[in-house]
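For reference, upload.csv (CSV, N, CA and C atoms):
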```csv
chain,number,residue,atom,x,y,z
A,1363,MET,N,0.8,-1.2,0.0
A,1363,MET,CA,0.0,0.0,0.0
A,1363,MET,C,0.9,1.3,0.0
A,1364,LEU,N,1.9,1.2,0.8
A,1364,LEU,CA,2.8,2.4,0.9
A,1364,LEU,C,3.4,2.8,-0.5
A,1365,LEU,N,3.9,1.8,-1.2
A,1365,LEU,CA,4.5,2.1,-2.5
A,1365,LEU,C,3.5,2.5,-3.5
A,1366,ARG,N,2.3,2.0,-3.4
A,1366,ARG,CA,1.2,2.3,-4.4
A,1366,ARG,C,0.7,3.8,-4.2
A,1367,THR,N,0.7,4.2,-3.0
A,1367,THR,CA,0.0,5.5,-2.7
A,1367,THR,C,1.0,6.7,-2.4
A,1368,GLN,N,2.2,6.4,-2.1
A,1368,GLN,CA,3.1,7.5,-1.7
A,1368,GLN,C,4.3,7.6,-2.6
A,1369,THR,N,4.3,8.8,-3.3
A,1369,THR,CA,5.4,9.1,-4.3
A,1369,THR,C,6.8,9.0,-3.6
A,1370,ASN,N,6.9,9.6,-2.4
A,1370,ASN,CA,8.2,9.7,-1.7
A,1370,ASN,C,8.6,8.3,-1.3
A,1371,ALA,N,7.8,7.4,-1.0
A,1371,ALA,CA,8.2,6.0,-0.8
A,1371,ALA,C,8.8,5.3,-2.0
A,1372,ARG,N,8.2,5.7,-3.2
A,1372,ARG,CA,8.8,5.1,-4.4
A,1372,ARG,C,10.2,5.7,-4.7
A,1373,ILE,N,10.3,7.0,-4.3
A,1373,ILE,CA,11.7,7.7,-4.5
A,1373,ILE,C,12.7,7.0,-3.6
A,1374,HIS,N,12.2,6.7,-2.3
A,1374,HIS,CA,13.1,6.0,-1.4
A,1374,HIS,C,13.5,4.6,-1.9
A,1375,LEU,N,12.5,3.9,-2.5
A,1375,LEU,CA,12.8,2.6,-3.0
A,1375,LEU,C,13.8,2.7,-4.2
A,1376,ALA,N,13.7,3.7,-5.0
A,1376,ALA,CA,14.6,3.8,-6.1
A,1376,ALA,C,16.0,4.1,-5.6
A,1377,ALA,N,16.1,4.9,-4.5
A,1377,ALA,CA,17.4,5.2,-3.9
A,1377,ALA,C,18.0,3.9,-3.3
A,1378,THR,N,17.1,3.1,-2.7
A,1378,THR,CA,17.5,1.9,-2.1
A,1378,THR,C,18.1,1.0,-3.1
A,1379,VAL,N,17.5,0.9,-4.3
A,1379,VAL,CA,18.0,0.0,-5.3
A,1379,VAL,C,19.4,0.5,-5.8
A,1380,VAL,N,19.6,1.8,-5.9
A,1380,VAL,CA,20.9,2.3,-6.3
A,1380,VAL,C,21.9,2.0,-5.3
A,1381,VAL,N,21.6,2.2,-4.0
A,1381,VAL,CA,22.5,2.0,-2.9
A,1381,VAL,C,22.9,0.6,-2.8
A,1382,ILE,N,22.0,-0.3,-2.9
A,1382,ILE,CA,22.3,-1.8,-2.9
A,1382,ILE,C,23.2,-2.1,-4.1
A,1383,GLY,N,22.9,-1.6,-5.2
A,1383,GLY,CA,23.8,-1.9,-6.4
A,1383,GLY,C,25.2,-1.3,-6.2
A,1384,ALA,N,25.3,-0.2,-5.6
A,1384,ALA,CA,26.6,0.4,-5.3
A,1384,ALA,C,27.3,-0.4,-4.2
A,1385,GLY,N,26.6,-0.9,-3.3
A,1385,GLY,CA,27.2,-1.7,-2.2
A,1385,GLY,C,27.8,-3.0,-2.8
A,1386,VAL,N,27.0,-3.6,-3.7
A,1386,VAL,CA,27.5,-4.9,-4.3
A,1386,VAL,C,28.7,-4.5,-5.2
A,1387,GLY,N,28.5,-3.5,-6.0
A,1387,GLY,CA,29.6,-3.1,-7.0
A,1387,GLY,C,30.9,-2.7,-6.3
A,1388,PHE,N,30.8,-2.0,-5.2
A,1388,PHE,CA,32.0,-1.6,-4.4
A,1388,PHE,C,32.5,-2.6,-3.4
A,1389,GLU,N,31.7,-3.7,-3.3
A,1389,GLU,CA,32.0,-4.8,-2.3
A,1389,GLU,C,32.3,-4.2,-0.9
A,1390,ILE,N,31.3,-3.5,-0.4
A,1390,ILE,CA,31.4,-2.9,0.9
A,1390,ILE,C,31.5,-4.0,2.0
A,1391,SER,N,32.1,-3.7,3.1
A,1391,SER,CA,32.3,-4.7,4.2
A,1391,SER,C,31.0,-5.0,4.9
A,1392,ARG,N,31.1,-6.1,5.7
A,1392,ARG,CA,29.9,-6.5,6.4
A,1392,ARG,C,29.4,-5.4,7.4
A,1393,ILE,N,30.3,-4.7,8.1
A,1393,ILE,CA,29.8,-3.6,9.0
A,1393,ILE,C,29.2,-2.4,8.2
A,1394,GLU,N,29.8,-2.2,7.0
A,1394,GLU,CA,29.2,-1.1,6.1
A,1394,GLU,C,27.8,-1.5,5.7
A,1395,TRP,N,27.6,-2.8,5.4
A,1395,TRP,CA,26.3,-3.3,5.0
A,1395,TRP,C,25.3,-3.1,6.2
A,1396,VAL,N,25.8,-3.4,7.4
A,1396,VAL,CA,24.9,-3.2,8.6
A,1396,VAL,C,24.5,-1.7,8.6
A,1397,ALA,N,25.4,-0.8,8.5
A,1397,ALA,CA,25.1,0.6,8.5
A,1397,ALA,C,24.1,1.0,7.4
A,1398,VAL,N,24.3,0.5,6.2
A,1398,VAL,CA,23.5,0.8,5.1
A,1398,VAL,C,22.1,0.2,5.3
A,1399,VAL,N,22.0,-1.0,5.7
A,1399,VAL,CA,20.7,-1.6,5.9
A,1399,VAL,C,19.9,-0.9,7.0
A,1400,ILE,N,20.6,-0.6,8.1
A,1400,ILE,CA,19.9,0.1,9.2
A,1400,ILE,C,19.4,1.5,8.7
A,1401,ALA,N,20.2,2.2,7.9
A,1401,ALA,CA,19.8,3.5,7.4
A,1401,ALA,C,18.6,3.3,6.5
A,1402,ILE,N,18.6,2.3,5.6
A,1402,ILE,CA,17.5,2.1,4.7
A,1402,ILE,C,16.2,1.7,5.5
A,1403,GLY,N,16.4,0.9,6.5
A,1403,GLY,CA,15.2,0.5,7.3
A,1403,GLY,C,14.6,1.6,8.1
A,1404,LEU,N,15.5,2.5,8.6
A,1404,LEU,CA,15.0,3.6,9.4
A,1404,LEU,C,14.2,4.6,8.5
A,1405,VAL,N,14.7,4.8,7.3
A,1405,VAL,CA,14.0,5.7,6.3
A,1405,VAL,C,12.7,5.1,5.9
A,1406,GLY,N,12.7,3.8,5.6
A,1406,GLY,CA,11.4,3.2,5.3
A,1406,GLY,C,10.4,3.2,6.4
A,1407,ALA,N,10.9,2.9,7.6
A,1407,ALA,CA,10.0,2.9,8.8
A,1407,ALA,C,9.4,4.3,9.0
A,1408,ALA,N,10.3,5.3,8.9
A,1408,ALA,CA,9.8,6.7,9.1
A,1408,ALA,C,8.8,7.1,8.1
A,1409,GLU,N,9.0,6.7,6.8
A,1409,GLU,CA,8.1,7.0,5.8
A,1409,GLU,C,6.7,6.3,6.0
A,1410,GLY,N,6.8,5.1,6.5
A,1410,GLY,CA,5.5,4.4,6.8
A,1410,GLY,C,4.8,5.0,7.9
A,1411,LEU,N,5.5,5.4,9.0
A,1411,LEU,CA,4.9,6.1,10.1
A,1411,LEU,C,4.3,7.5,9.7
A,1412,ASN,N,5.1,8.2,8.9
A,1412,ASN,CA,4.6,9.5,8.4
A,1412,ASN,C,3.3,9.3,7.6
A,1413,SER,N,3.2,8.3,6.7
A,1413,SER,CA,2.0,8.1,6.0
A,1413,SER,C,0.8,7.7,6.9
A,1414,ALA,N,1.1,6.9,7.9
A,1414,ALA,CA,0.1,6.5,8.8
A,1414,ALA,C,-0.5,7.7,9.6
A,1415,ILE,N,0.4,8.5,10.0
A,1415,ILE,CA,0.0,9.7,10.8
A,1415,ILE,C,-0.8,10.6,9.9
A,1416,GLU,N,-0.4,10.8,8.7
A,1416,GLU,CA,-1.1,11.7,7.7
A,1416,GLU,C,-2.5,11.1,7.5
A,1417,ALA,N,-2.6,9.8,7.3
A,1417,ALA,CA,-3.9,9.2,7.1
A,1417,ALA,C,-4.8,9.4,8.3
A,1418,ALA,N,-4.3,9.1,9.5
A,1418,ALA,CA,-5.1,9.3,10.7
A,1418,ALA,C,-5.5,10.7,10.9
A,1419,VAL,N,-4.6,11.7,10.6
A,1419,VAL,CA,-5.0,13.1,10.8
A,1419,VAL,C,-6.1,13.4,9.8
A,1420,ASP,N,-6.0,13.0,8.5
A,1420,ASP,CA,-7.0,13.3,7.5
A,1420,ASP,C,-8.3,12.7,7.9
A,1421,LEU,N,-8.3,11.5,8.5
A,1421,LEU,CA,-9.6,10.9,8.9
A,1421,LEU,C,-10.2,11.7,10.0
A,1422,THR,N,-9.4,12.1,11.0
A,1422,THR,CA,-10.0,12.7,12.2
A,1422,THR,C,-10.2,14.2,12.0
A,1423,SER,N,-9.5,14.8,11.0
A,1423,SER,CA,-9.7,16.3,10.8
A,1423,SER,C,-9.6,16.6,9.3
A,1424,PRO,N,-10.7,16.2,8.6
A,1424,PRO,CA,-10.7,16.4,7.2
A,1424,PRO,C,-10.6,17.9,6.7
A,1425,GLU,N,-11.1,18.8,7.5
A,1425,GLU,CA,-10.9,20.2,7.2
A,1425,GLU,C,-9.5,20.7,7.8
A,1426,HIS,N,-9.1,21.8,7.2
A,1426,HIS,CA,-7.8,22.3,7.6
A,1426,HIS,C,-7.8,22.8,9.1
A,1427,HIS,N,-6.9,22.4,9.9
A,1427,HIS,CA,-6.7,22.8,11.2
A,1427,HIS,C,-5.3,22.9,11.6
A,1428,PRO,N,-4.9,24.0,12.2
A,1428,PRO,CA,-3.4,24.2,12.5
A,1428,PRO,C,-2.8,23.1,13.2
A,1429,THR,N,-3.4,22.5,14.2
A,1429,THR,CA,-2.8,21.4,15.0
A,1429,THR,C,-2.6,20.2,14.1
A,1430,ALA,N,-3.6,19.9,13.2
A,1430,ALA,CA,-3.5,18.8,12.3
A,1430,ALA,C,-2.3,19.0,11.3
A,1431,GLY,N,-2.2,20.2,10.8
A,1431,GLY,CA,-1.0,20.6,10.0
A,1431,GLY,C,0.3,20.4,10.7
A,1432,ARG,N,0.3,20.8,12.0
A,1432,ARG,CA,1.6,20.7,12.8
A,1432,ARG,C,1.9,19.2,12.9
A,1433,ALA,N,0.9,18.3,13.2
A,1433,ALA,CA,1.2,16.9,13.3
A,1433,ALA,C,1.8,16.3,12.0
A,1434,LYS,N,1.2,16.7,10.9
A,1434,LYS,CA,1.7,16.3,9.6
A,1434,LYS,C,3.2,16.8,9.4
A,1435,ASP,N,3.4,18.0,9.7
A,1435,ASP,CA,4.7,18.6,9.5
A,1435,ASP,C,5.8,17.9,10.4
A,1436,LEU,N,5.4,17.6,11.6
A,1436,LEU,CA,6.3,17.0,12.5
A,1436,LEU,C,6.7,15.5,12.0
A,1437,ALA,N,5.7,14.8,11.5
A,1437,ALA,CA,5.9,13.5,11.0
A,1437,ALA,C,6.8,13.6,9.8
A,1438,ALA,N,6.6,14.5,8.9
A,1438,ALA,CA,7.4,14.7,7.7
A,1438,ALA,C,8.8,15.1,8.1
A,1439,GLY,N,9.0,15.9,9.2
A,1439,GLY,CA,10.3,16.2,9.7
A,1439,GLY,C,11.1,15.0,10.2
A,1440,GLY,N,10.3,14.0,10.7
A,1440,GLY,CA,11.0,12.8,11.1
A,1440,GLY,C,11.6,12.0,10.0
A,1441,VAL,N,10.8,12.0,8.9
A,1441,VAL,CA,11.3,11.4,7.6
A,1441,VAL,C,12.6,12.1,7.1
A,1442,LEU,N,12.5,13.4,7.2
A,1442,LEU,CA,13.7,14.2,6.7
A,1442,LEU,C,14.9,13.9,7.6
A,1443,ILE,N,14.8,13.9,8.9
A,1443,ILE,CA,15.9,13.5,9.7
A,1443,ILE,C,16.5,12.2,9.4
A,1444,ALA,N,15.6,11.2,9.2
A,1444,ALA,CA,16.1,9.8,8.9
A,1444,ALA,C,16.8,9.8,7.5
A,1445,ALA,N,16.2,10.6,6.6
A,1445,ALA,CA,16.8,10.6,5.3
A,1445,ALA,C,18.2,11.3,5.3
A,1446,LEU,N,18.3,12.4,6.1
A,1446,LEU,CA,19.6,13.1,6.2
A,1446,LEU,C,20.6,12.2,6.9
A,1447,ALA,N,20.2,11.4,7.9
A,1447,ALA,CA,21.1,10.5,8.5
A,1447,ALA,C,21.6,9.4,7.5
A,1448,ALA,N,20.7,9.0,6.7
A,1448,ALA,CA,21.0,8.0,5.7
A,1448,ALA,C,22.0,8.5,4.7
A,1449,VAL,N,21.9,9.8,4.3
A,1449,VAL,CA,22.8,10.4,3.4
A,1449,VAL,C,24.2,10.5,4.1
A,1450,VAL,N,24.3,10.8,5.4
A,1450,VAL,CA,25.6,10.8,6.1
A,1450,VAL,C,26.2,9.4,6.0
A,1451,VAL,N,25.4,8.4,6.3
A,1451,VAL,CA,25.9,7.0,6.2
A,1451,VAL,C,26.4,6.7,4.8
A,1452,GLY,N,25.7,7.2,3.8
A,1452,GLY,CA,26.1,7.0,2.4
A,1452,GLY,C,27.4,7.7,2.1
A,1453,VAL,N,27.5,8.9,2.5
A,1453,VAL,CA,28.8,9.6,2.3
A,1453,VAL,C,30.0,8.9,3.0
A,1454,LEU,N,29.7,8.5,4.2
A,1454,LEU,CA,30.8,7.8,4.9
A,1454,LEU,C,31.2,6.5,4.3
A,1455,VAL,N,30.2,5.7,3.8
A,1455,VAL,CA,30.5,4.4,3.2
A,1455,VAL,C,31.0,4.6,1.7
A,1456,PHE,N,30.4,5.4,1.0
A,1456,PHE,CA,30.7,5.4,-0.5
A,1456,PHE,C,31.6,6.6,-0.9
A,1457,GLY,N,31.6,7.7,-0.1
A,1457,GLY,CA,32.4,8.8,-0.4
A,1457,GLY,C,33.8,8.5,-0.8
A,1458,PRO,N,34.6,7.8,0.1
A,1458,PRO,CA,36.0,7.5,-0.2
A,1458,PRO,C,36.1,6.7,-1.5
A,1459,ARG,N,35.2,5.8,-1.7
A,1459,ARG,CA,35.3,4.9,-2.9
A,1459,ARG,C,35.0,5.8,-4.2
A,1460,LEU,N,34.1,6.7,-4.1
A,1460,LEU,CA,33.8,7.5,-5.3
A,1460,LEU,C,34.9,8.5,-5.5
A,1461,LEU,N,35.5,9.0,-4.5
A,1461,LEU,CA,36.7,9.9,-4.6
A,1461,LEU,C,37.9,9.2,-5.3
A,1462,ALA,N,38.0,7.9,-4.9
A,1462,ALA,CA,39.1,7.2,-5.5
A,1462,ALA,C,39.0,6.9,-7.0
A,1463,LEU,N,37.7,7.0,-7.5
A,1463,LEU,CA,37.5,6.8,-8.9
A,1463,LEU,C,37.9,8.0,-9.7
A,1464,LEU,N,38.0,9.2,-9.0
A,1464,LEU,CA,38.3,10.4,-9.7
A,1464,LEU,C,39.8,10.6,-10.0
```
Turn this file's structure into structure tokens for me.
Amino acid sequence: MLLRTQTNARIHLAATVVVIGAGVGFEISRIEWVAVVIAIGLVGAAEGLNSAIEAAVDLTSPEHHPTAGRAKDLAAGGVLIAALAAVVVGVLVFGPRLLALL
């Protein structure tokens, strides 16, 4: 359901496919895989929770309400934090390998 209804979840899935491909191609270590998998899982979980919160808010407050908007914004902020942390993991794992290619 998440991938069918949420554009951002599909974007995260596309990024996941790219990262897994890069991990295989660069032959990252087991501990690097652990970091990458945890980052992917956290972003996916945050996206799922964000979507659930948005659906629940829409159900309980179909008209615009400042508190409902704040709840949605806070949930989206959680996804942003998880995504930024995943980017940091990606830079730490893949950055040196990409720089070595230059």
Worksheet entry | For Leu1364 in chain A: contacts at 8 Å, all atoms listed in the file, fewer than 5 positions along chain excluded, given as a list in words | Thr1369, Asn1370, Ala1371, Arg1372, Glu1409, Gly1410 and Ser1413 of chain A
Item to complete: Determine, counting all atoms listed in the file, which protein, DNA and RNA residues have an atom within 8 Å of an atom of Val1455 in chain A; residues of the same chain fewer than 6 positions away are not included. Present the result as a count of residues only.
Response: 4
Discussion item. Which residues are near Ala1417 in chain A? Cut-off 12 Å, only C-alpha atoms, ignore same chain within fewer than 2 positions. Put them as a PyMOL selection string.
Written reply: chain A and resi 1364+1367-1368+1410-1415+1419-1424+1430+1433-1434+1437
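Among the candidates A:Phe1388, A:Ala1444, A:Leu1365, A:Val1381, the one nearest to Leu1460 in chain A when counting only C-alpha atoms is A:Phe1388.
Atom pair CA of Gly1440 in chain A / CA of Pro1458 in chain A has a distance of 27.9 Å (rounded to one decimal).
Atom N of Glu1389 in chain A is positioned 23.9 Å from atom N of Ile1373 in chain A.
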Worksheet item: So which residues touch Leu1446 in chain A within 10 Å, counting only C-alpha atoms, skipping near sequence neighbours fewer than 5 positions away, as a PyMOL selection string?
Response: chain A and resi 1401+1405+1440-1441+1451-1452
Discussion item. I'd like the interatomic distance between atom N of Ala1384 in chain A and atom N of Gly1457 in chain A, to a tenth of an Å.
Written reply: 11.5 Å
Practice prompt. Determine the nearest neighbour of Val1453 in chain A from the options A:Gly1403, A:Ala1408, A:Glu1425, A:Ala1397, counting only C-alpha atoms.
Written response: A:Ala1397
